[in-house]
file upload-v9.cif (mmCIF, C-alpha atoms)
data_final
#
loop_
_atom_site.label_atom_id
_atom_site.label_comp_id
_atom_site.auth_asym_id
_atom_site.auth_seq_id
_atom_site.Cartn_x
_atom_site.Cartn_y
_atom_site.Cartn_z
CA MET K 1 125.92 84.65 169.21
CA ASN K 2 123.06 87.18 169.08
CA ILE K 3 120.63 87.77 171.93
CA TYR K 4 117.97 85.51 170.39
CA HIS K 5 120.31 82.52 170.16
CA TYR K 6 121.63 83.25 173.64
CA LEU K 7 118.10 83.15 175.06
CA GLN K 8 117.35 80.01 173.03
CA ASN K 9 120.29 78.21 174.63
CA LYS K 10 119.33 79.38 178.12
CA LEU K 11 115.74 78.21 177.63
CA TRP K 12 116.86 74.82 176.27
CA LYS K 13 119.30 74.23 179.15
CA TYR K 14 116.64 75.20 181.69
CA ARG K 15 114.04 72.94 180.05
CA TRP K 16 116.39 69.97 179.83
CA LYS K 17 117.60 70.37 183.42
CA ARG K 18 114.00 70.38 184.58
CA ILE K 19 113.20 67.24 182.58
CA SER K 20 116.29 65.42 183.88
CA LYS K 21 115.54 66.28 187.51
CA ALA K 22 111.91 65.20 187.15
CA ARG K 23 112.96 61.92 185.53
CA LYS K 24 115.21 61.10 188.49
CA ARG K 25 112.16 61.51 190.72
CA GLY K 26 110.13 59.18 188.51
CA ILE K 27 108.14 62.02 186.90
CA HIS K 28 108.17 61.88 183.11
CA LEU K 29 107.61 65.41 181.84
CA LYS K 30 106.70 65.75 178.16
CA ILE K 31 107.64 68.43 175.64
CA PRO K 32 104.70 69.39 173.38
CA LEU K 33 105.43 68.86 169.69
CA LYS K 34 103.34 71.35 167.72
CA ILE K 35 104.69 70.85 164.19
CA PRO K 36 104.32 67.81 161.89
CA SER K 37 106.77 65.24 163.19
CA ALA K 38 108.27 61.82 162.51
CA PHE K 39 110.29 59.57 164.84
CA ILE K 40 112.40 56.73 163.43
CA THR K 41 114.14 53.89 165.24
CA GLY K 42 115.61 50.45 164.52
CA SER K 43 118.99 48.74 164.53
CA ILE K 44 120.20 49.68 161.04
CA GLY K 45 119.01 52.08 158.33
CA LYS K 46 117.68 54.83 160.62
CA THR K 47 119.90 57.64 159.39
CA THR K 48 119.30 57.05 155.69
CA THR K 49 115.54 56.79 156.24
CA CYS K 50 115.58 60.07 158.19
CA ARG K 51 117.59 61.74 155.43
CA MET K 52 115.18 60.51 152.76
CA LEU K 53 112.12 61.69 154.68
CA ALA K 54 113.67 65.09 155.48
CA PHE K 55 114.54 65.48 151.79
CA ILE K 56 110.96 64.68 150.75
CA LEU K 57 109.57 67.22 153.23
CA ASP K 58 112.11 69.86 152.19
CA PHE K 59 111.34 69.18 148.51
CA SER K 60 107.65 69.74 149.35
CA GLY K 61 108.36 73.19 150.81
CA PHE K 62 108.77 72.52 154.55
CA LYS K 63 111.56 73.99 156.65
CA VAL K 64 112.74 70.77 158.29
CA VAL K 65 114.60 70.29 161.56
CA LEU K 66 116.46 66.98 161.59
CA SER K 67 118.43 65.07 164.22
CA THR K 68 120.39 61.91 163.40
CA SER K 69 123.57 60.07 164.35
CA GLN K 70 125.29 62.46 161.92
CA GLY K 71 124.22 65.62 163.77
CA THR K 72 121.38 68.14 164.00
CA PHE K 73 120.26 70.27 161.08
CA ILE K 74 117.93 73.16 160.30
CA GLY K 75 117.26 72.88 156.60
CA ASN K 76 120.68 72.29 155.05
CA LYS K 77 122.52 74.05 157.86
CA VAL K 78 124.51 71.93 160.33
CA VAL K 79 123.72 72.98 163.90
CA ARG K 80 125.67 70.26 165.71
CA ALA K 81 128.03 67.66 164.26
CA GLY K 82 128.24 64.18 165.79
CA ASP K 83 125.75 61.68 167.19
CA SER K 84 122.52 63.50 168.07
CA SER K 85 120.07 60.61 167.80
CA ASN K 86 118.18 61.33 171.02
CA CYS K 87 115.49 63.58 172.46
CA LYS K 88 117.96 65.90 174.17
CA TYR K 89 119.47 67.27 170.97
CA ALA K 90 116.24 66.94 169.01
CA SER K 91 114.42 69.13 171.54
CA LYS K 92 116.81 72.02 171.01
CA LEU K 93 115.81 72.23 167.36
CA LEU K 94 112.21 72.95 168.33
CA LEU K 95 113.25 76.35 169.69
CA ASN K 96 113.88 77.50 166.13
CA ARG K 97 110.91 79.59 165.06
CA SER K 98 111.31 78.74 161.37
CA ALA K 99 110.78 74.99 161.92
CA GLN K 100 107.78 73.62 160.02
CA ALA K 101 108.41 69.86 160.29
CA ALA K 102 110.60 67.61 162.44
CA VAL K 103 112.35 64.31 161.66
CA PHE K 104 114.07 62.71 164.64
CA GLU K 105 116.20 59.57 164.76
CA LEU K 106 115.82 57.98 168.20
CA ALA K 107 118.48 55.37 168.92
CA ARG K 108 118.88 52.81 171.69
CA GLY K 109 121.23 54.83 173.88
CA GLY K 110 119.01 57.88 174.03
CA LEU K 111 115.90 55.79 174.63
CA LEU K 112 117.58 54.03 177.57
CA ASP K 113 118.80 57.29 179.06
CA GLN K 114 115.86 59.59 178.32
CA GLY K 115 112.95 57.60 176.91
CA VAL K 116 110.69 59.63 174.59
CA VAL K 117 110.26 63.07 176.14
CA PHE K 118 107.89 64.46 173.51
CA ASP K 119 104.15 64.21 174.05
CA LYS K 120 103.58 62.61 170.66
CA SER K 121 104.65 62.31 167.05
CA ASN K 122 102.40 62.38 164.02
CA VAL K 123 104.10 59.34 162.50
CA ALA K 124 106.77 56.91 163.65
CA ALA K 125 108.58 53.85 162.33
CA ILE K 126 110.63 50.90 163.50
CA LEU K 127 112.85 49.48 160.76
CA ASN K 128 114.19 46.29 162.38
CA VAL K 129 115.52 44.74 165.59
CA HIS K 130 118.96 43.09 165.33
CA ASP K 131 121.82 42.14 167.67
CA ASN K 132 123.92 45.29 167.21
CA HIS K 133 123.67 46.59 170.78
CA LEU K 134 122.89 43.51 172.84
CA GLY K 135 124.73 43.33 176.16
CA LEU K 136 124.65 47.09 176.67
CA GLY K 137 122.63 48.94 179.29
CA GLY K 138 120.92 45.81 180.59
CA ILE K 139 119.46 44.91 177.18
CA ASN K 140 120.53 41.30 176.59
CA THR K 141 117.93 39.90 174.19
CA ARG K 142 116.25 41.03 170.99
CA GLU K 143 112.91 40.90 172.79
CA GLN K 144 114.15 43.40 175.39
CA MET K 145 115.48 45.61 172.61
CA ALA K 146 112.14 45.46 170.84
CA ASP K 147 110.32 46.51 174.03
CA LEU K 148 112.61 49.53 174.34
CA LYS K 149 112.25 50.59 170.72
CA SER K 150 108.48 50.10 170.78
CA LEU K 151 108.31 53.36 172.79
CA VAL K 152 108.96 55.18 169.54
CA VAL K 153 106.11 53.70 167.46
CA LYS K 154 103.74 53.93 170.42
CA SER K 155 104.23 57.71 170.36
CA ALA K 156 102.61 58.04 166.92
CA THR K 157 99.06 59.41 166.76
CA GLU K 158 98.33 59.22 163.04
CA MET K 159 100.40 56.45 161.46
CA ALA K 160 102.89 53.89 162.77
CA VAL K 161 105.03 52.10 160.18
CA LEU K 162 106.26 48.57 160.96
CA ASN K 163 108.60 46.12 159.26
CA ALA K 164 106.34 43.17 158.43
CA ASP K 165 109.39 41.01 157.61
CA ASP K 166 110.64 41.27 161.21
CA PRO K 167 108.49 39.28 163.69
CA LEU K 168 109.54 41.48 166.63
CA CYS K 169 108.41 44.63 164.81
CA LEU K 170 105.18 43.01 163.65
CA LYS K 171 104.44 41.94 167.23
CA MET K 172 104.08 45.64 168.19
CA HIS K 173 101.00 46.05 166.00
CA PRO K 174 98.30 45.37 168.65
CA ASP K 175 99.84 47.88 171.08
CA LEU K 176 99.91 50.87 168.74
CA HIS K 177 97.98 54.06 169.54
CA ALA K 178 98.07 55.50 166.03
CA THR K 179 94.91 55.79 163.95
CA HIS K 180 96.57 53.80 161.17
CA ALA K 181 99.34 51.26 160.81
CA CYS K 182 101.32 50.70 157.62
CA LEU K 183 103.20 47.45 157.06
CA VAL K 184 106.40 47.35 154.99
CA SER K 185 107.67 44.23 153.25
CA MET K 186 110.10 43.19 150.54
CA SER K 187 107.58 40.56 149.43
CA ALA K 188 104.08 40.83 148.01
CA ASN K 189 103.34 37.41 149.49
CA ASN K 190 103.92 38.36 153.12
CA GLU K 191 100.93 36.86 154.95
CA ALA K 192 100.72 39.66 157.51
CA VAL K 193 100.62 42.24 154.71
CA GLN K 194 97.85 40.39 152.89
CA ASN K 195 95.78 40.09 156.08
CA HIS K 196 96.32 43.77 156.85
CA LEU K 197 95.21 44.80 153.36
CA ASN K 198 92.15 42.58 153.64
CA ALA K 199 91.26 44.58 156.77
CA ASN K 200 91.57 47.82 154.71
CA GLY K 201 94.96 48.67 156.21
CA TYR K 202 97.95 50.39 154.61
CA ALA K 203 100.89 48.44 153.20
CA ILE K 204 103.89 49.22 151.02
CA PHE K 205 105.77 46.33 149.49
CA CYS K 206 107.88 45.17 146.58
CA ASP K 207 106.40 42.84 144.03
CA ASP K 208 108.38 39.75 143.16
CA ALA K 209 109.36 40.96 139.69
CA SER K 210 112.90 41.82 138.67
CA PRO K 211 113.66 44.67 138.72
CA ALA K 212 111.48 45.33 141.77
CA VAL K 213 108.51 47.68 141.79
CA ILE K 214 107.31 49.37 144.99
CA ASN K 215 103.54 49.19 145.51
CA PHE K 216 101.61 51.29 148.04
CA TYR K 217 98.06 50.19 148.87
CA ARG K 218 95.26 50.79 151.28
CA GLY K 219 93.07 47.73 151.16
CA ASN K 220 92.33 47.14 147.47
CA GLU K 221 93.05 50.77 146.53
CA LEU K 222 96.38 51.48 144.85
CA ILE K 223 97.85 54.68 146.27
CA GLY K 224 100.91 54.61 144.03
CA ARG K 225 103.48 52.48 142.26
CA LEU K 226 107.16 53.20 141.68
CA PRO K 227 109.97 51.14 140.10
CA ALA K 228 112.73 50.82 142.70
CA ALA K 229 115.31 51.51 140.00
CA ASP K 230 113.86 55.05 139.57
CA ILE K 231 115.18 55.93 143.04
CA PRO K 232 118.90 56.84 142.62
CA ALA K 233 119.80 55.69 146.15
CA THR K 234 118.83 52.11 145.25
CA LEU K 235 121.61 51.99 142.61
CA ASP K 236 119.34 50.89 139.76
CA GLY K 237 117.32 48.77 142.18
CA ASN K 238 120.35 46.65 143.11
CA PHE K 239 120.89 47.81 146.70
CA ARG K 240 118.23 46.24 148.89
CA PRO K 241 118.64 48.36 152.08
CA ALA K 242 117.95 51.57 150.16
CA ILE K 243 114.74 50.07 148.75
CA VAL K 244 113.59 49.30 152.30
CA ASN K 245 114.60 52.77 153.53
CA ALA K 246 112.73 54.38 150.64
CA MET K 247 109.54 52.41 151.35
CA PHE K 248 109.58 53.55 154.97
CA ALA K 249 110.25 57.18 153.97
CA ILE K 250 107.41 57.10 151.42
CA ALA K 251 104.95 55.67 153.98
CA LEU K 252 105.96 58.19 156.64
CA ALA K 253 105.67 61.12 154.25
CA TYR K 254 102.22 59.94 153.16
CA GLY K 255 101.21 59.59 156.81
CA MET K 256 102.24 63.23 157.30
CA GLY K 257 99.73 64.25 154.65
CA LEU K 258 101.84 64.54 151.49
CA ASP K 259 100.46 63.53 148.12
CA PHE K 260 102.00 60.37 146.64
CA GLU K 261 102.95 62.07 143.37
CA LYS K 262 104.92 64.74 145.24
CA ILE K 263 106.59 62.04 147.31
CA ARG K 264 107.46 60.07 144.17
CA ILE K 265 109.10 63.06 142.49
CA ALA K 266 111.05 63.91 145.65
CA ILE K 267 112.41 60.42 146.37
CA CYS K 268 113.44 60.12 142.72
CA ASN K 269 115.62 63.19 143.25
CA PHE K 270 117.31 61.97 146.44
CA ILE K 271 120.93 60.94 145.91
CA SER K 272 122.85 59.31 148.77
CA ASP K 273 126.01 61.36 148.35
CA SER K 274 128.44 63.10 150.68
CA GLU K 275 126.15 66.13 150.86
CA ASN K 276 122.73 64.53 151.36
CA ASN K 277 123.79 61.46 153.34
CA PRO K 278 127.51 61.43 154.25
CA GLY K 279 129.04 58.03 154.96
CA ARG K 280 126.16 56.08 153.43
CA MET K 281 126.80 54.59 149.97
CA ASN K 282 128.75 57.60 148.67
CA PHE K 283 130.48 57.00 145.32
CA PHE K 284 133.34 59.18 144.09
CA GLU K 285 133.95 59.48 140.38
CA ASP K 286 136.83 60.74 138.21
CA LEU K 287 139.39 58.44 139.86
CA PRO K 288 141.43 55.67 138.24
CA PHE K 289 139.69 53.24 140.61
CA LYS K 290 136.09 52.96 141.78
CA LEU K 291 135.64 54.40 145.30
CA LEU K 292 132.73 53.78 147.65
CA ILE K 293 132.55 55.23 151.16
CA THR K 294 129.82 53.77 153.35
CA ASN K 295 128.96 52.24 156.71
CA ALA K 296 127.93 48.67 157.62
CA ASP K 297 127.17 48.14 161.30
CA GLY K 298 127.04 44.40 161.86
CA PRO K 299 126.76 41.18 159.84
CA ILE K 300 123.30 41.91 158.40
CA ALA K 301 124.37 45.27 156.98
CA ALA K 302 127.64 43.66 155.86
CA TYR K 303 125.70 40.94 154.03
CA ASP K 304 123.76 43.48 151.96
CA LEU K 305 126.90 45.42 151.11
CA ALA K 306 128.81 42.24 150.26
CA ARG K 307 126.00 41.07 147.99
CA TYR K 308 126.08 44.37 146.12
CA VAL K 309 129.88 44.32 145.74
CA LYS K 310 129.91 40.70 144.53
CA ASN K 311 127.65 41.68 141.64
CA GLN K 312 129.94 44.52 140.51
CA LYS K 313 132.24 43.75 137.60
CA VAL K 314 135.66 45.38 137.88
CA ALA K 315 138.86 44.98 135.92
CA GLY K 316 141.06 44.85 139.01
CA LYS K 317 140.77 43.82 142.65
CA LYS K 318 138.06 44.49 145.21
CA ILE K 319 139.59 46.01 148.36
CA LEU K 320 137.86 46.61 151.69
CA LEU K 321 138.79 48.79 154.64
CA PHE K 322 136.46 47.98 157.53
CA TYR K 323 136.07 48.25 161.29
CA ALA K 324 133.56 47.58 164.06
CA ALA K 325 132.45 49.53 167.10
CA GLY K 326 134.23 48.39 170.27
CA ASP K 327 131.09 47.94 172.37
CA ARG K 328 129.84 45.06 170.21
CA GLN K 329 130.25 41.44 171.34
CA ASP K 330 133.28 39.44 170.15
CA ASP K 331 131.28 36.93 168.08
CA PHE K 332 129.29 39.77 166.52
CA ILE K 333 132.53 41.48 165.43
CA SER K 334 134.26 38.40 164.03
CA SER K 335 131.10 37.49 162.11
CA ILE K 336 131.42 40.75 160.15
CA GLY K 337 134.75 39.49 158.78
CA HIS K 338 133.14 36.16 157.96
CA VAL K 339 130.36 37.85 155.95
CA PHE K 340 132.71 40.11 153.97
CA ALA K 341 135.15 37.31 153.14
CA SER K 342 133.41 36.16 149.97
CA ALA K 343 133.07 39.60 148.38
CA PHE K 344 136.62 41.06 148.37
CA ASP K 345 140.16 40.15 147.34
CA GLU K 346 142.11 42.20 149.89
CA PHE K 347 141.21 43.43 153.37
CA ILE K 348 142.42 46.17 155.72
CA CYS K 349 141.14 45.60 159.28
CA SER K 350 140.98 48.59 161.62
CA ASP K 351 139.68 49.71 164.98
CA TYR K 352 136.86 52.23 165.15
CA THR K 353 138.21 55.73 165.88
CA ASP K 354 136.59 55.52 169.34
CA LEU K 355 137.85 52.30 170.98
CA ARG K 356 134.95 52.19 173.46
CA ASP K 357 136.97 50.52 176.22
CA ARG K 358 138.74 48.07 173.91
CA ALA K 359 142.52 47.65 173.77
CA PRO K 360 144.13 49.03 170.60
CA MET K 361 143.94 46.63 167.63
CA GLN K 362 141.69 44.20 169.49
CA ILE K 363 138.75 44.94 167.19
CA ALA K 364 140.94 44.77 164.08
CA ASN K 365 142.26 41.35 165.10
CA LEU K 366 138.73 40.04 165.78
CA LEU K 367 137.78 41.07 162.24
CA LYS K 368 140.88 39.26 160.97
CA THR K 369 139.83 36.14 162.91
CA GLY K 370 136.52 36.17 161.05
CA LEU K 371 138.33 36.42 157.72
CA LEU K 372 140.80 33.64 158.52
CA SER K 373 138.03 31.32 159.69
CA SER K 374 136.39 31.83 156.28
CA GLY K 375 139.48 30.74 154.37
CA ILE K 376 141.04 34.11 153.56
CA LYS K 377 144.83 33.84 153.41
CA ASP K 378 146.88 35.84 155.88
CA GLU K 379 148.78 37.49 153.02
CA ASN K 380 145.54 39.14 151.83
CA ILE K 381 144.82 40.73 155.23
CA THR K 382 146.42 43.87 156.67
CA VAL K 383 145.80 44.86 160.29
CA ALA K 384 146.28 48.60 160.67
CA PRO K 385 147.42 50.13 163.99
CA THR K 386 145.08 53.14 163.58
CA TYR K 387 142.18 54.15 161.36
CA GLN K 388 144.25 56.93 159.77
CA GLN K 389 146.96 54.43 158.87
CA ALA K 390 144.29 52.10 157.52
CA LEU K 391 143.14 54.88 155.18
CA GLU K 392 146.67 55.50 153.96
CA ILE K 393 147.21 51.78 153.36
CA ALA K 394 143.90 51.48 151.49
CA PHE K 395 144.63 54.35 149.12
CA ALA K 396 148.17 53.10 148.55
CA LYS K 397 146.82 49.66 147.57
CA ALA K 398 144.16 50.91 145.15
CA GLN K 399 145.29 50.80 141.53
CA ALA K 400 143.60 51.63 138.23
CA GLY K 401 140.64 49.33 137.66
CA ASP K 402 140.23 48.38 141.34
CA PHE K 403 137.11 48.82 143.48
CA LEU K 404 137.97 50.31 146.87
CA VAL K 405 135.30 50.25 149.59
CA ILE K 406 136.01 52.26 152.73
CA GLU K 407 133.89 51.99 155.83
CA SER K 408 133.54 55.41 157.44
CA TYR K 409 130.79 56.24 159.93
CA TYR K 410 130.45 59.93 159.09
CA GLY K 411 132.08 59.81 155.67
CA LEU K 412 135.39 61.35 154.68
CA LYS K 413 135.42 65.10 154.18
CA ASN K 414 136.58 66.41 150.82
CA LYS K 415 139.79 67.83 152.31
CA GLU K 416 140.66 64.43 153.82
CA LEU K 417 140.06 62.75 150.48
CA GLU K 418 142.13 65.32 148.60
CA LYS K 419 145.01 64.85 151.02
CA LEU K 420 144.96 61.06 150.60
CA LEU K 421 144.61 61.23 146.84
CA LYS K 422 147.53 63.64 146.46
CA LYS K 423 149.84 60.87 147.69
CA GLN K 424 148.83 58.61 144.81
CA PRO K 425 151.05 58.22 141.73
CA PHE K 426 148.28 59.04 139.22
#
call {"tool": "encode", "arguments": {"input": "upload-v9.cif", "output": "structure tokens"}}
result
Amino acid sequence: MNIYHYLQNKLWKYRWKRISKARKRGIHLKIPLKIPSAFITGSIGKTTTCRMLAFILDFSGFKVVLSTSQGTFIGNKVVRAGDSSNCKYASKLLLNRSAQAAVFELARGGLLDQGVVFDKSNVAAILNVHDNHLGLGGINTREQMADLKSLVVKSATEMAVLNADDPLCLKMHPDLHATHACLVSMSANNEAVQNHLNANGYAIFCDDASPAVINFYRGNELIGRLPAADIPATLDGNFRPAIVNAMFAIALAYGMGLDFEKIRIAICNFISDSENNPGRMNFFEDLPFKLLITNADGPIAAYDLARYVKNQKVAGKKILLFYAAGDRQDDFISSIGHVFASAFDEFICSDYTDLRDRAPMQIANLLKTGLLSSGIKDENITVAPTYQQALEIAFAKAQAGDFLVIESYYGLKNKELEKLLKKQPF
């Protein structure tokens, strides 16, 4: 560590200690944010949206600092691996003198613990409010969760981007401080979107054609149009969550002052692979079987993944390795198994690598309960004692022509994959 980085660390520790002490006394100190910035929150889809936006900014020539649940980054360089979706780790990135734009994922845990410690953001978005973290930290209802996450969009000064298909997100509209609001919808017929456009507001939405086309308007003025299938991350327009993530990223980038044509070219070059977005819809080619490594936190995310898998034609079986975080409620966990039941032929149920105060195999058995209640036969379900064993079982089961889907929060590193594949008979 050189003297500059040493002093950076000292300054960051001093600043954060001061903020923490002040917060305990009820004084909410703010860190000034002097570069173009975007904050993103929601229950699912935050990380991919952050990755898309950072890619667009980087593609447009900005040196981007990024913090997500995957880690912190300066450009393409990993600064810290692991969950960094809070103001504490985001703030450290601002000490880097090369930073020209900031994209920060702000998740529930960090908001509960720290709030929003920056004085503002240029743009901010809330993607959705679901049940993923209910029962934690005194947040027991979706309405309470929405109140907490509204802190993020209230920080925006120039544009706040809201999910018009989620009533709890839409309800935040009157309390925004931003100069502009942009509504996002998967339907051109969303009443709130139409009313907002009639008031000369911004909206980005999909038309009801198939395949879908993304339309970006202000009032009656078309800002830009883009077929969803032109965005690689949407998998030819067939993966709905990526379409939603892309619409948010496009709106945020536009709110930060980028030209739509530059945004269009950038998002059409973003690929959700193990380099750009590890653990999120990463396909691996050149194998006898089709391999997808992704994440699906909760029944809503599971539904979208299951719908995609059901539409895939394969010669062999569809096999799923999946888990759930231990701090979710029992019904929430078992419902994930219920949702996946209709999309796969064989299942490997596992605990998350971090048990989060659960007994070993408790999560895996709750997932199995969801499968059994949906009519899946016991002989088609394997409960693995550990996640590592679940991986070994999954790769041993996969044969030529099969489609293997592995749930992995951070994605599997190439060395891990190589090690597992070497054990296969092909």
call {"tool": "closest_residue", "arguments": {"input": "upload-v9.cif", "among": "K:Ala341, K:Met159, K:Tyr387, K:Asp330", "to": "Leu366 in chain K", "atoms": "all atoms listed in the file"}}
result
K:Asp330
call {"tool": "closest_residue", "arguments": {"input": "upload-v9.cif", "among": "K:Leu222, K:Leu252, K:Gln194, K:Thr234", "to": "Leu162 in chain K", "atoms": "all atoms listed in the file"}}
result
K:Leu252
call {"tool": "closest_residue", "arguments": {"input": "upload-v9.cif", "among": "K:Asn277, K:Asp402, K:Pro288, K:Ile348", "to": "Val309 in chain K", "atoms": "all atoms listed in the file"}}
result
K:Asp402
call {"tool": "atom_distance", "arguments": {"input": "upload-v9.cif", "atom1": "CA of Thr48 in chain K", "atom2": "CA of Ile293 in chain K"}}
result
14.1 Å
call {"tool": "resolve_selection", "arguments": {"input": "upload-v9.cif", "expression": "the PyMOL selection byres ((chain K and resi 193) around 9)", "output": "list in words"}}
result
Ala164, Cys182, Leu183, Val184, Ser185, Ser187, Ala188, Asn189, Asn190, Glu191, Ala192, Gln194, Asn195, His196, Leu197, Asn198, Gly201, Tyr202, Ala203, Ile204 and Phe205 of chain K
call {"tool": "atom_distance", "arguments": {"input": "upload-v9.cif", "atom1": "CA of Phe395 in chain K", "atom2": "CA of Leu320 in chain K"}}
result
10.6 Å
call {"tool": "resolve_selection", "arguments": {"input": "upload-v9.cif", "expression": "the PyMOL selection byres ((chain K and resi 315) around 12)", "output": "list in words"}}
result
Pro288, Phe289, Lys290, Gln312, Lys313, Val314, Gly316, Lys317, Lys318, Gln399, Ala400, Gly401, Asp402 and Phe403 of chain K
call {"tool": "resolve_selection", "arguments": {"input": "upload-v9.cif", "expression": "the PyMOL selection byres ((chain K and resi 238) around 9)", "output": "MDAnalysis selection string"}}
result
chainID K and resid 211 228:229 234:237 239:240 242:243 308 311
call {"tool": "closest_residue", "arguments": {"input": "upload-v9.cif", "among": "K:Leu305, K:Ala181, K:Ala364, K:Cys349", "to": "Thr382 in chain K", "atoms": "all atoms listed in the file"}}
result
K:Cys349
call {"tool": "residues_around", "arguments": {"input": "upload-v9.cif", "residues": "Leu355 in chain K", "least_positions_apart": "3", "cutoff": "10 Å", "atoms": "only C-alpha atoms", "output": "list of chain:residue names"}}
result
K:Ala324, K:Ala325, K:Gly326, K:Asp327, K:Asp351, K:Tyr352, K:Arg358, K:Ala359, K:Pro360, K:Met361, K:Gln362, K:Ile363
call {"tool": "closest_residue", "arguments": {"input": "upload-v9.cif", "among": "K:Glu416, K:Asp58, K:Asp354, K:Glu346", "to": "Leu391 in chain K", "atoms": "all atoms listed in the file"}}
result
K:Glu416
call {"tool": "build_atoms", "arguments": {"input": "upload-v9.cif", "residues": "range 71-83 of chain K", "atoms": "N, CA and C atoms", "output": "mmCIF file, in the coordinates of the input"}}
result
data_model
loop_
_atom_site.group_PDB
_atom_site.id
_atom_site.type_symbol
_atom_site.label_atom_id
_atom_site.label_comp_id
_atom_site.auth_asym_id
_atom_site.auth_seq_id
_atom_site.Cartn_x
_atom_site.Cartn_y
_atom_site.Cartn_z
ATOM 1 N N GLY K 71 124.270 64.266 163.220
ATOM 2 C CA GLY K 71 124.220 65.620 163.770
ATOM 3 C C GLY K 71 122.808 66.157 163.790
ATOM 4 N N THR K 72 122.679 67.467 164.075
ATOM 5 C CA THR K 72 121.380 68.140 164.000
ATOM 6 C C THR K 72 121.458 69.193 162.896
ATOM 7 N N PHE K 73 120.302 69.409 162.258
ATOM 8 C CA PHE K 73 120.260 70.270 161.080
ATOM 9 C C PHE K 73 118.973 71.095 161.085
ATOM 10 N N ILE K 74 119.090 72.322 160.602
ATOM 11 C CA ILE K 74 117.930 73.160 160.300
ATOM 12 C C ILE K 74 118.009 73.433 158.810
ATOM 13 N N GLY K 75 117.106 72.834 158.048
ATOM 14 C CA GLY K 75 117.260 72.880 156.600
ATOM 15 C C GLY K 75 118.559 72.192 156.227
ATOM 16 N N ASN K 76 119.386 72.852 155.450
ATOM 17 C CA ASN K 76 120.680 72.290 155.050
ATOM 18 C C ASN K 76 121.821 72.752 155.949
ATOM 19 N N LYS K 77 121.488 73.505 156.977
ATOM 20 C CA LYS K 77 122.520 74.050 157.860
ATOM 21 C C LYS K 77 122.809 73.090 159.024
ATOM 22 N N VAL K 78 124.101 72.790 159.217
ATOM 23 C CA VAL K 78 124.510 71.930 160.330
ATOM 24 C C VAL K 78 124.514 72.750 161.614
ATOM 25 N N VAL K 79 123.761 72.295 162.602
ATOM 26 C CA VAL K 79 123.720 72.980 163.900
ATOM 27 C C VAL K 79 124.718 72.332 164.851
ATOM 28 N N ARG K 80 124.749 71.007 164.848
ATOM 29 C CA ARG K 80 125.670 70.260 165.710
ATOM 30 C C ARG K 80 126.166 69.039 164.949
ATOM 31 N N ALA K 81 127.459 68.850 164.903
ATOM 32 C CA ALA K 81 128.030 67.660 164.260
ATOM 33 C C ALA K 81 128.184 66.556 165.308
ATOM 34 N N GLY K 82 128.085 65.304 164.870
ATOM 35 C CA GLY K 82 128.240 64.180 165.790
ATOM 36 C C GLY K 82 126.899 63.573 166.169
ATOM 37 N N ASP K 83 126.952 62.451 166.866
ATOM 38 C CA ASP K 83 125.750 61.680 167.190
ATOM 39 C C ASP K 83 124.760 62.519 168.000
#
